[in-house]
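**Student:** Sharing query-v9.cif here; it has mmCIF, C-alpha atoms.
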```cif
data_work
#
loop_
_atom_site.label_atom_id
_atom_site.label_comp_id
_atom_site.auth_asym_id
_atom_site.auth_seq_id
_atom_site.Cartn_x
_atom_site.Cartn_y
_atom_site.Cartn_z
CA MET K 20 2.25 3.65 2.53
CA ILE K 21 2.66 1.13 -0.30
CA GLY K 22 6.01 -0.55 0.12
CA ALA K 23 8.25 -1.43 3.06
CA GLY K 24 11.71 -1.10 1.59
CA PRO K 25 14.25 1.64 2.44
CA TYR K 26 12.06 4.51 1.17
CA GLY K 27 8.78 3.24 2.61
CA LEU K 28 10.36 2.58 6.02
CA SER K 29 12.11 5.96 6.07
CA VAL K 30 8.99 7.94 5.16
CA ALA K 31 6.95 5.96 7.70
CA ALA K 32 9.56 6.62 10.40
CA HIS K 33 9.39 10.38 9.75
CA LEU K 34 5.58 10.34 9.80
CA ARG K 35 5.44 8.33 13.02
CA ALA K 36 7.91 10.73 14.63
CA ALA K 37 5.61 13.61 13.61
CA GLN K 38 2.63 11.66 15.05
CA VAL K 39 0.94 11.42 11.67
CA PRO K 40 -1.16 8.20 11.51
CA VAL K 41 0.22 5.87 8.86
CA ARG K 42 -0.41 2.28 7.79
CA VAL K 43 2.36 0.50 5.91
CA PHE K 44 1.62 -2.33 3.49
CA GLY K 45 4.16 -4.72 2.02
CA GLU K 46 6.90 -7.13 3.02
CA VAL K 47 9.71 -5.57 5.01
CA MET K 48 12.75 -5.32 2.69
CA GLY K 49 10.89 -7.63 0.30
CA SER K 50 12.81 -6.80 -2.87
CA TRP K 51 16.13 -7.05 -1.09
CA ARG K 52 15.14 -10.49 0.20
CA HIS K 53 13.62 -11.94 -2.98
CA ALA K 54 15.15 -10.06 -5.94
CA MET K 55 18.83 -10.36 -5.01
CA ALA K 56 20.81 -13.58 -5.45
CA THR K 57 22.45 -15.15 -2.41
CA GLY K 58 26.01 -13.93 -2.07
CA MET K 59 25.45 -10.47 -3.52
CA PHE K 60 26.87 -7.29 -2.00
CA LEU K 61 25.76 -3.68 -2.11
CA LYS K 62 27.70 -1.52 -4.52
CA SER K 63 27.28 1.51 -2.25
CA THR K 64 29.63 2.32 0.62
CA PRO K 65 28.45 2.21 4.27
CA ASN K 66 27.99 5.99 4.46
CA ALA K 67 25.48 5.86 1.58
CA VAL K 68 23.02 3.23 2.82
CA ASP K 69 21.58 4.69 6.02
CA LEU K 70 17.82 4.72 6.33
CA SER K 71 16.37 7.97 7.61
CA VAL K 72 14.70 8.84 10.90
CA PRO K 73 14.57 12.34 12.47
CA GLU K 74 16.51 11.31 15.59
CA PRO K 75 19.96 9.82 16.21
CA GLY K 76 20.54 6.10 16.46
CA GLY K 77 19.11 4.71 13.24
CA ARG K 78 22.18 4.42 11.04
CA LEU K 79 23.70 1.20 9.74
CA ALA K 80 26.66 1.84 12.05
CA ASP K 81 24.26 2.03 15.01
CA PHE K 82 22.68 -1.30 14.06
CA LEU K 83 26.10 -2.96 13.85
CA ARG K 84 27.18 -1.49 17.19
CA VAL K 85 23.97 -2.59 18.95
CA HIS K 86 24.47 -6.16 17.71
CA GLY K 87 28.20 -6.24 18.41
CA GLU K 88 29.12 -6.65 14.75
CA PRO K 89 32.33 -5.26 13.20
CA GLU K 90 32.32 -1.69 11.92
CA LEU K 91 32.23 -1.39 8.15
CA THR K 92 34.62 0.93 6.32
CA VAL K 93 34.48 2.30 2.78
CA ARG K 94 36.63 -0.68 1.79
CA THR K 95 34.19 -3.20 3.25
CA PRO K 96 31.60 -4.44 0.72
CA ILE K 97 28.24 -4.75 2.49
CA PRO K 98 26.55 -8.16 2.19
CA CYS K 99 22.91 -7.82 1.15
CA GLU K 100 21.86 -10.03 4.05
CA VAL K 101 23.40 -7.52 6.50
CA PHE K 102 21.44 -4.70 4.88
CA VAL K 103 18.22 -6.74 5.07
CA ARG K 104 18.74 -7.37 8.79
CA TYR K 105 19.42 -3.67 9.28
CA GLY K 106 16.14 -2.78 7.55
CA GLN K 107 14.21 -5.26 9.70
CA TRP K 108 15.78 -3.84 12.87
CA PHE K 109 14.97 -0.29 11.72
CA GLN K 110 11.34 -1.26 11.10
CA LYS K 111 10.89 -2.73 14.57
CA ARG K 112 12.56 0.23 16.25
CA TYR K 113 11.17 3.20 14.34
CA VAL K 114 8.18 2.12 12.26
CA GLY K 115 6.27 -0.53 14.13
CA GLU K 116 3.66 -2.70 12.47
CA VAL K 117 3.95 -3.38 8.76
CA GLU K 118 0.96 -5.19 7.29
CA PRO K 119 1.86 -7.93 4.80
CA ALA K 120 -1.32 -7.46 2.73
CA ARG K 121 -0.75 -6.43 -0.88
CA VAL K 122 -2.43 -3.33 -2.27
CA VAL K 123 -4.36 -4.32 -5.39
CA ALA K 124 -6.16 -1.07 -6.19
CA VAL K 125 -6.00 2.63 -5.38
CA GLU K 126 -9.13 4.45 -6.49
CA ARG K 127 -10.70 7.85 -6.13
CA ALA K 128 -13.17 8.10 -3.26
CA ALA K 129 -15.61 10.78 -2.19
CA GLY K 130 -14.11 14.20 -1.59
CA SER K 131 -10.31 14.27 -1.60
CA ALA K 132 -9.80 10.72 -0.30
CA PHE K 133 -8.65 7.46 -1.85
CA ALA K 134 -10.18 4.01 -1.58
CA VAL K 135 -7.46 1.42 -1.07
CA CYS K 136 -8.26 -2.25 -1.74
CA LEU K 137 -6.12 -5.07 -0.32
CA ASP K 138 -5.66 -8.62 -1.55
CA ASP K 139 -7.21 -9.98 1.66
CA GLY K 140 -10.50 -8.27 0.83
CA GLN K 141 -10.09 -5.26 3.10
CA HIS K 142 -11.14 -1.82 1.91
CA LEU K 143 -9.96 1.34 3.60
CA GLU K 144 -10.00 5.06 3.01
CA ALA K 145 -6.94 7.31 3.07
CA ARG K 146 -6.45 11.02 2.54
CA SER K 147 -2.96 10.44 1.17
CA VAL K 148 -1.13 7.53 -0.44
CA VAL K 149 2.65 7.26 -0.73
CA VAL K 150 3.95 4.86 -3.40
CA ALA K 151 7.31 3.44 -2.32
CA THR K 152 7.35 0.21 -4.32
CA GLY K 153 10.96 0.51 -5.44
CA LEU K 154 11.70 -1.37 -8.63
CA ASN K 155 8.92 -3.92 -8.22
CA HIS K 156 7.06 -4.44 -11.52
CA LEU K 157 9.64 -2.36 -13.44
CA ALA K 158 12.11 -5.03 -14.60
CA HIS K 159 12.95 -4.62 -18.29
CA ILE K 160 13.70 -7.47 -20.70
CA PRO K 161 14.20 -6.48 -24.36
CA PRO K 162 11.40 -7.73 -26.65
CA GLN K 163 13.62 -10.08 -28.68
CA LEU K 164 14.57 -11.88 -25.46
CA ARG K 165 11.12 -11.79 -23.89
CA ARG K 166 9.79 -13.72 -26.90
CA LEU K 167 11.83 -16.70 -25.71
CA ALA K 168 9.35 -17.14 -22.86
CA PRO K 169 5.77 -16.88 -24.22
CA GLU K 170 4.38 -17.83 -20.80
CA GLY K 171 6.55 -15.31 -19.04
CA PRO K 172 10.23 -15.06 -18.12
CA GLY K 173 11.46 -16.67 -14.93
CA VAL K 174 13.91 -19.06 -13.32
CA GLY K 175 12.41 -22.08 -15.10
CA ALA K 176 12.08 -20.41 -18.51
CA LEU K 177 14.71 -19.92 -21.21
CA VAL K 178 15.13 -16.29 -20.17
CA SER K 179 14.93 -14.55 -16.84
CA HIS K 180 15.74 -11.17 -15.30
CA THR K 181 18.27 -10.80 -12.50
CA SER K 182 15.45 -9.70 -10.19
CA HIS K 183 13.86 -13.16 -10.51
CA HIS K 184 16.68 -14.89 -8.65
CA THR K 185 17.66 -15.64 -5.09
CA ASP K 186 19.89 -18.62 -5.93
CA LEU K 187 21.96 -18.83 -9.11
CA SER K 188 23.51 -22.19 -8.22
CA ARG K 189 20.58 -23.86 -10.00
CA TYR K 190 22.47 -23.23 -13.27
CA ALA K 191 25.55 -25.24 -12.26
CA GLY K 192 26.84 -27.18 -15.27
CA ARG K 193 24.71 -25.20 -17.72
CA ARG K 194 25.61 -22.58 -20.36
CA VAL K 195 24.36 -19.11 -19.41
CA ALA K 196 24.62 -15.86 -21.38
CA VAL K 197 24.42 -12.77 -19.17
CA VAL K 198 23.23 -9.73 -21.11
CA GLY K 199 24.39 -6.41 -19.70
CA GLY K 200 27.51 -4.59 -18.54
CA GLY K 201 26.62 -3.09 -15.17
CA GLN K 202 26.94 -4.24 -11.58
CA SER K 203 24.00 -6.62 -11.74
CA ALA K 204 25.35 -8.35 -14.84
CA LEU K 205 28.92 -8.62 -13.63
CA GLU K 206 28.11 -9.81 -10.11
CA SER K 207 25.60 -12.33 -11.45
CA ALA K 208 28.23 -13.59 -13.90
CA ALA K 209 30.72 -14.01 -11.06
CA LEU K 210 28.22 -15.93 -8.94
CA LEU K 211 27.22 -18.14 -11.88
CA HIS K 212 30.85 -18.95 -12.65
CA GLU K 213 31.60 -19.68 -9.00
CA SER K 214 28.55 -21.99 -8.90
CA GLY K 215 29.86 -24.05 -11.80
CA ALA K 216 27.97 -22.54 -14.73
CA GLU K 217 29.63 -21.95 -18.11
CA THR K 218 29.11 -18.20 -18.20
CA ARG K 219 29.57 -15.51 -20.80
CA VAL K 220 28.81 -11.80 -20.57
CA LEU K 221 27.45 -9.91 -23.60
CA ALA K 222 27.73 -6.13 -23.16
CA ARG K 223 26.94 -3.35 -25.61
CA GLU K 224 29.48 -1.01 -23.95
CA ARG K 225 32.87 -0.62 -25.64
CA SER K 226 34.61 -1.69 -22.45
CA LEU K 227 33.69 -2.53 -18.91
CA LEU K 228 33.92 0.20 -16.30
CA TRP K 229 35.06 -0.53 -12.76
CA GLY K 230 34.83 1.58 -9.65
CA THR K 231 38.04 2.80 -8.03
CA VAL K 232 39.19 1.62 -4.63
CA PRO K 233 37.84 4.15 -2.09
CA ASP K 234 40.35 6.23 -0.16
CA GLU K 235 39.19 7.62 3.17
CA HIS K 236 42.19 9.92 3.37
CA ARG K 237 42.27 11.63 -0.01
CA PRO K 238 44.49 14.74 0.04
CA TRP K 239 42.56 18.01 0.08
CA PRO K 240 43.55 19.07 -3.48
CA LEU K 241 41.85 15.93 -4.81
CA ARG K 242 38.80 16.60 -2.65
CA ILE K 243 38.49 20.02 -4.26
CA VAL K 244 39.06 18.80 -7.83
CA ARG K 245 36.80 15.78 -7.40
CA PRO K 246 34.58 16.22 -4.33
CA GLY K 247 33.07 13.10 -2.84
CA SER K 248 29.40 12.11 -2.79
CA PRO K 249 27.30 9.02 -2.00
CA LEU K 250 27.37 8.18 -5.72
CA GLY K 251 31.09 8.68 -6.28
CA ASN K 252 33.61 11.46 -6.83
CA GLY K 253 33.19 14.45 -9.13
CA TRP K 254 31.44 17.81 -9.26
CA ILE K 255 28.38 16.59 -11.16
CA LEU K 256 27.71 13.71 -8.77
CA ALA K 257 28.38 15.91 -5.75
CA GLY K 258 26.01 18.56 -7.11
CA VAL K 259 23.07 16.24 -7.79
CA CYS K 260 23.49 14.64 -4.35
CA ARG K 261 23.72 17.89 -2.40
CA ALA K 262 20.88 19.68 -4.14
CA PRO K 263 18.13 17.36 -5.47
CA GLY K 264 15.70 20.25 -5.03
CA VAL K 265 17.75 22.32 -7.47
CA VAL K 266 17.80 19.44 -9.96
CA ARG K 267 14.00 19.50 -9.92
CA ARG K 268 14.02 23.12 -11.12
CA LEU K 269 16.19 22.37 -14.15
CA PRO K 270 14.57 22.17 -17.62
CA PRO K 271 13.11 18.69 -18.26
CA ALA K 272 15.68 17.87 -20.94
CA ALA K 273 18.56 18.69 -18.58
CA ARG K 274 17.03 16.62 -15.78
CA LEU K 275 16.63 13.59 -18.01
CA LEU K 276 20.19 13.97 -19.29
CA LEU K 277 21.46 13.91 -15.71
CA PHE K 278 19.25 10.95 -14.88
CA ARG K 279 20.47 8.93 -17.87
CA ARG K 280 24.11 10.02 -18.16
CA ALA K 281 25.38 10.98 -14.70
CA LEU K 282 26.07 7.34 -13.87
CA ARG K 283 27.26 4.88 -16.48
CA PRO K 284 26.98 1.10 -15.98
CA SER K 285 29.95 -0.13 -13.98
CA GLY K 286 31.08 -2.84 -11.60
CA GLY K 287 32.19 -2.42 -8.01
CA TRP K 288 35.94 -2.21 -7.47
CA TRP K 289 35.82 -5.28 -5.21
CA LEU K 290 34.20 -7.37 -7.98
CA ARG K 291 36.87 -6.87 -10.64
CA ASP K 292 39.15 -9.71 -9.53
CA ARG K 293 36.22 -12.16 -9.71
CA VAL K 294 35.40 -11.29 -13.35
CA GLU K 295 38.32 -9.88 -15.29
CA GLY K 296 40.30 -12.67 -16.92
CA ILE K 297 37.98 -15.27 -15.40
CA VAL K 298 34.57 -14.85 -17.00
CA PRO K 299 34.55 -14.42 -20.82
CA VAL K 300 33.19 -10.98 -21.75
CA THR K 301 32.24 -9.75 -25.22
CA THR K 302 31.90 -5.98 -25.46
CA SER K 303 30.59 -3.70 -28.23
CA CYS K 304 27.98 -6.27 -29.15
CA ARG K 305 24.22 -6.58 -29.41
CA ILE K 306 21.81 -9.46 -29.82
CA VAL K 307 20.12 -9.27 -33.21
CA ARG K 308 18.22 -12.56 -33.03
CA ALA K 309 17.25 -14.96 -30.26
CA GLU K 310 15.48 -18.22 -31.08
CA ALA K 311 14.38 -21.11 -28.92
CA ALA K 312 15.77 -24.43 -30.12
CA GLY K 313 14.16 -27.03 -27.94
CA ALA K 314 15.62 -26.66 -24.45
CA THR K 315 18.34 -24.27 -25.67
CA VAL K 316 18.61 -20.77 -27.09
CA ARG K 317 20.45 -19.78 -30.24
CA LEU K 318 21.70 -16.20 -30.13
CA GLU K 319 22.98 -14.25 -33.11
CA VAL K 320 25.34 -11.61 -31.76
CA ALA K 321 26.55 -8.64 -33.82
CA GLY K 322 29.94 -7.27 -32.92
CA PRO K 323 32.17 -4.45 -34.17
CA GLY K 324 33.05 -4.27 -37.85
CA HIS K 325 29.87 -6.02 -39.00
CA THR K 326 31.01 -9.31 -37.47
CA THR K 327 28.40 -11.80 -36.27
CA GLU K 328 28.61 -14.85 -34.05
CA SER K 329 26.17 -17.63 -33.24
CA LEU K 330 26.00 -18.74 -29.66
CA VAL K 331 24.01 -21.62 -28.17
CA VAL K 332 23.18 -21.48 -24.46
CA ASP K 333 20.82 -23.17 -22.03
CA HIS K 334 19.62 -19.93 -20.44
CA VAL K 335 19.74 -16.18 -20.99
CA LEU K 336 19.98 -13.97 -17.90
CA ALA K 337 18.88 -10.43 -18.68
CA ALA K 338 20.72 -7.91 -16.52
CA THR K 339 19.06 -5.21 -18.58
CA GLY K 340 17.87 -2.93 -15.82
CA TYR K 341 14.50 -1.38 -15.17
CA ARG K 342 12.14 0.94 -17.05
CA LEU K 343 10.29 3.59 -15.07
CA ASP K 344 6.72 3.27 -16.26
CA LEU K 345 3.66 4.26 -14.26
CA GLY K 346 1.60 1.91 -16.39
CA SER K 347 3.43 -1.01 -14.76
CA LEU K 348 1.85 -0.19 -11.40
CA SER K 349 -1.21 -2.39 -11.72
CA PHE K 350 -2.82 -1.06 -8.53
CA LEU K 351 -3.31 2.41 -10.03
CA THR K 352 -6.69 2.61 -11.77
CA PRO K 353 -6.96 3.87 -15.35
CA GLU K 354 -8.74 6.98 -14.03
CA ILE K 355 -5.78 7.89 -11.81
CA LEU K 356 -3.24 7.05 -14.53
CA ARG K 357 -5.01 9.42 -16.90
CA GLU K 358 -4.82 12.24 -14.34
CA LEU K 359 -1.13 11.79 -13.62
CA ARG K 360 1.11 14.31 -15.30
CA ILE K 361 4.37 12.73 -16.47
CA VAL K 362 7.90 14.00 -16.93
CA PRO K 363 8.38 14.87 -20.62
CA GLY K 364 10.41 12.19 -22.35
CA SER K 365 9.66 9.54 -19.74
CA ARG K 366 6.87 7.53 -18.13
CA ALA K 367 7.68 8.75 -14.63
CA PRO K 368 5.41 11.09 -12.63
CA TRP K 369 5.82 14.84 -12.45
CA LEU K 370 6.23 15.71 -8.75
CA SER K 371 6.03 18.81 -6.59
CA ALA K 372 8.87 19.86 -4.29
CA GLY K 373 7.19 17.69 -1.65
CA PHE K 374 7.00 14.62 -3.95
CA GLU K 375 3.26 15.03 -4.52
CA SER K 376 2.01 14.12 -8.00
CA SER K 377 -0.56 15.99 -10.07
CA VAL K 378 -3.20 13.87 -8.32
CA PRO K 379 -3.54 15.65 -4.94
CA GLY K 380 -2.61 13.38 -2.07
CA LEU K 381 -0.74 10.83 -4.20
CA TYR K 382 3.04 10.77 -3.61
CA PHE K 383 5.90 8.84 -5.23
CA VAL K 384 9.36 8.24 -3.74
CA GLY K 385 12.39 6.22 -4.77
CA SER K 386 13.29 5.37 -8.36
CA LEU K 387 10.08 6.78 -9.85
CA SER K 388 11.04 10.19 -8.46
CA ALA K 389 14.57 10.15 -9.93
CA PRO K 390 13.65 11.82 -13.28
CA MET K 391 12.46 14.81 -11.20
CA PHE K 392 15.06 14.97 -8.44
CA GLY K 393 18.12 13.34 -9.97
CA PRO K 394 19.98 10.02 -9.85
CA MET K 395 20.50 10.00 -6.06
CA LEU K 396 16.83 9.07 -5.71
CA ARG K 397 17.60 5.75 -7.42
CA PHE K 398 19.65 4.77 -4.38
CA VAL K 399 19.21 4.38 -0.63
CA ALA K 400 21.21 7.59 -0.19
CA GLY K 401 18.12 9.57 -1.26
CA THR K 402 15.92 8.38 1.63
CA GLU K 403 16.74 11.28 3.96
CA PHE K 404 15.87 13.94 1.40
CA ALA K 405 12.68 12.21 0.25
CA ALA K 406 11.40 11.23 3.71
CA GLY K 407 11.93 14.70 5.11
CA ARG K 408 10.20 16.43 2.20
CA VAL K 409 7.20 14.06 2.14
CA ALA K 410 6.72 14.20 5.90
CA ARG K 411 6.81 18.02 5.98
CA ASP K 412 4.32 18.19 3.12
CA LEU K 413 1.92 15.77 4.79
CA VAL K 414 2.23 17.46 8.19
CA ARG K 415 1.41 20.84 6.61
CA GLY K 416 -1.56 19.24 4.85
CA ALA K 417 -2.84 17.74 8.10
CA ALA K 418 -2.48 21.09 9.88
CA ALA K 419 -4.39 22.87 7.08
CA ARG K 420 -7.32 20.49 7.53
#
```
Using the file provided, produce a representation of the structure as structure tokens.
**Tutor:**
Amino acid sequence: MIGAGPYGLSVAAHLRAAQVPVRVFGEVMGSWRHAMATGMFLKSTPNAVDLSVPEPGGRLADFLRVHGEPELTVRTPIPCEVFVRYGQWFQKRYVGEVEPARVVAVERAAGSAFAVCLDDGQHLEARSVVVATGLNHLAHIPPQLRRLAPEGPGVGALVSHTSHHTDLSRYAGRRVAVVGGGQSALESAALLHESGAETRVLARERSLLWGTVPDEHRPWPLRIVRPGSPLGNGWILAGVCRAPGVVRRLPPAARLLLFRRALRPSGGWWLRDRVEGIVPVTTSCRIVRAEAAGATVRLEVAGPGHTTESLVVDHVLAATGYRLDLGSLSFLTPEILRELRIVPGSRAPWLSAGFESSVPGLYFVGSLSAPMFGPMLRFVAGTEFAAGRVARDLVRGAAAR
């Protein structure tokens, strides 16, 4: 198992429960600990962030009850640090040892096995490998912004990605342009402003979208017209969440349309009061030129009606999302990458109903599986479906041998 985030821990818990030997490599909840700024909250509601284990007692609510912490409702934003502690508790209770070594290469070995090389010099053989690396290595910064940092983007460069940060207070007193219009952009902008930075949001969307305040007691007519789901209300979202296996059987073009359009960039309902009317936001705009000018950046921003504006800032924070690209997984050898069948129109792997790729024994879960199974697999809510499917497939494979 490569990765020890929500998907890696959930798959490992299912395999351990089925008495399938598994070794897990990575840092427990690593991305959630190192790629989320202090003070951030989860956008999802408490009923959509449970990790998966095939026995009762492993939900977020169980963790809170065991530790005597207050119950969370749909109107309680979940602090990221609470979710991290939940993941660590889940690992100790249901997974056991997680090895901190980093996987640096996965190669073909004799027969149907893989040779796995670790950064501490270890070499081991495995019949199956599950890739659960989340969004690691997949951060996307547009080329015109990336050129601002020839030696690489980061917290000390002129441009960085939101995933580079654990503490945004370092920009107090500085001018920061946040590029993007989704949750990551808007929450980062709020944290920057509250830390004393002069912040401005540049979004290509015509207007910002905000989530609606959840209602636990919606009348039944509304529940029929707009059924609920872990991703929000509406028939499309409810459908892709209740039947990811059906999504996989749709034509590739329809699957990609769902993946790209089912969820538009938006901010959590609880964030709106910290941004609207407080942080300057320019919508319907795009950056047409970005140039380094000493220790500052000059941005040329095109707006509606052929208008342009020049903006000088000290730092550009790219909240520009992630690109699913197998080529970004440096531990996969060129030989394996050549053998991997991809989803037409993307750089994500084609997967069987059990999440196995076209390379027998190589599985992918989490965001890289979303173009096959739908947008729920981009979120923690997809762990139960993925973990159950992968575990059943691997158990059947072990029995066949």
**Student:** Quick one: residues within 9 Å of K:Val195, all atoms listed in the file, excluding same-chain residues fewer than 3 positions away - as a ChimeraX atom specification?
**Tutor:** /K:190,208,211,216-220,332-336
**Student:** Considering all atoms listed in the file, can you say which of K:Ala132, K:His156, K:Ser386, K:Val259 comes closest to K:Gly346?
**Tutor:**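 Of K:Ala132, K:His156, K:Ser386, K:Val259, the one nearest K:Gly346 is K:His156, counting all atoms listed in the file.
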**Student:** In the coordinates of the file, take the point (-10.7, 3.5, 1.9) and a cut-off of 12 Å; then, counting all atoms listed in the file, name each qualifying protein, DNA or RNA residue as a VMD selection string.
**Tutor:** chain K and resid 42 122 124 to 137 140 to 148
**Student:** May I have the residues within 9 Å of stretch 367-383 of chain K as a ChimeraX atom specification, using only C-alpha atoms and disregarding those fewer than 6 positions away in the same chain?
**Tutor:** /K:131-133,146-152,264,267,343-345,355,358-361,389-392,405,407-413
**Student:** Taking the file as shown, find all residues satisfying the PyMOL selection byres ((chain K and resi 57) around 12) and write them as a list in words.
**Tutor:**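 This file, filtered by the PyMOL selection byres ((chain K and resi 57) around 12), leaves Trp51, Arg52, His53, Ala54, Met55, Ala56, Gly58, Met59, Phe60, Leu61, Pro98, Cys99, Glu100, Val101, Thr181, Ser182, His183, His184, Thr185, Asp186, Leu187, Ser188, Arg189, Glu206, Ser207, Leu210, Leu211 and Ser214 of chain K.
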**Student:** Can you save stretch 209-216 of chain K of the given block to a file, including all heavy atoms and formatted as a short mmCIF file (atom, residue, chain, number, x, y, z; two decimals), in the first residue's frame?
**Tutor:**
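Result file result05.cif:
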```cif
data_model
loop_
_atom_site.label_atom_id
_atom_site.label_comp_id
_atom_site.auth_asym_id
_atom_site.auth_seq_id
_atom_site.Cartn_x
_atom_site.Cartn_y
_atom_site.Cartn_z
N ALA K 209 -9.18 34.16 3.11
CA ALA K 209 -9.66 34.57 4.44
C ALA K 209 -8.54 34.48 5.48
O ALA K 209 -8.35 35.39 6.29
CB ALA K 209 -10.84 33.69 4.85
N LEU K 210 -7.79 33.39 5.46
CA LEU K 210 -6.70 33.21 6.42
C LEU K 210 -5.60 34.26 6.21
O LEU K 210 -5.03 34.78 7.17
CB LEU K 210 -6.12 31.80 6.30
CG LEU K 210 -7.02 30.67 6.81
CD1 LEU K 210 -6.44 29.32 6.41
CD2 LEU K 210 -7.19 30.75 8.32
N LEU K 211 -5.29 34.56 4.95
CA LEU K 211 -4.29 35.58 4.66
C LEU K 211 -4.74 36.94 5.20
O LEU K 211 -3.97 37.65 5.86
CB LEU K 211 -4.05 35.67 3.16
CG LEU K 211 -3.20 34.56 2.54
CD1 LEU K 211 -3.37 34.53 1.02
CD2 LEU K 211 -1.72 34.75 2.89
N HIS K 212 -5.97 37.30 4.90
CA HIS K 212 -6.51 38.58 5.38
C HIS K 212 -6.47 38.65 6.90
O HIS K 212 -6.06 39.66 7.48
CB HIS K 212 -7.94 38.77 4.88
CG HIS K 212 -8.64 39.95 5.47
ND1 HIS K 212 -8.42 41.24 5.03
CD2 HIS K 212 -9.53 40.03 6.49
CE1 HIS K 212 -9.16 42.07 5.74
NE2 HIS K 212 -9.84 41.37 6.65
N GLU K 213 -6.89 37.57 7.54
CA GLU K 213 -6.94 37.55 9.01
C GLU K 213 -5.54 37.53 9.63
O GLU K 213 -5.39 37.86 10.81
CB GLU K 213 -7.75 36.33 9.46
CG GLU K 213 -9.23 36.46 9.12
CD GLU K 213 -9.98 35.14 9.07
OE1 GLU K 213 -9.37 34.09 9.35
OE2 GLU K 213 -11.18 35.16 8.73
N SER K 214 -4.53 37.17 8.82
CA SER K 214 -3.15 37.20 9.30
C SER K 214 -2.47 38.54 9.05
O SER K 214 -1.30 38.71 9.40
CB SER K 214 -2.34 36.08 8.63
OG SER K 214 -2.83 34.81 8.99
N GLY K 215 -3.18 39.45 8.39
CA GLY K 215 -2.61 40.77 8.15
C GLY K 215 -2.03 40.99 6.78
O GLY K 215 -1.35 41.99 6.55
N ALA K 216 -2.31 40.08 5.84
CA ALA K 216 -1.84 40.27 4.46
C ALA K 216 -2.84 41.12 3.68
O ALA K 216 -4.05 41.10 3.95
CB ALA K 216 -1.65 38.93 3.78
#
```
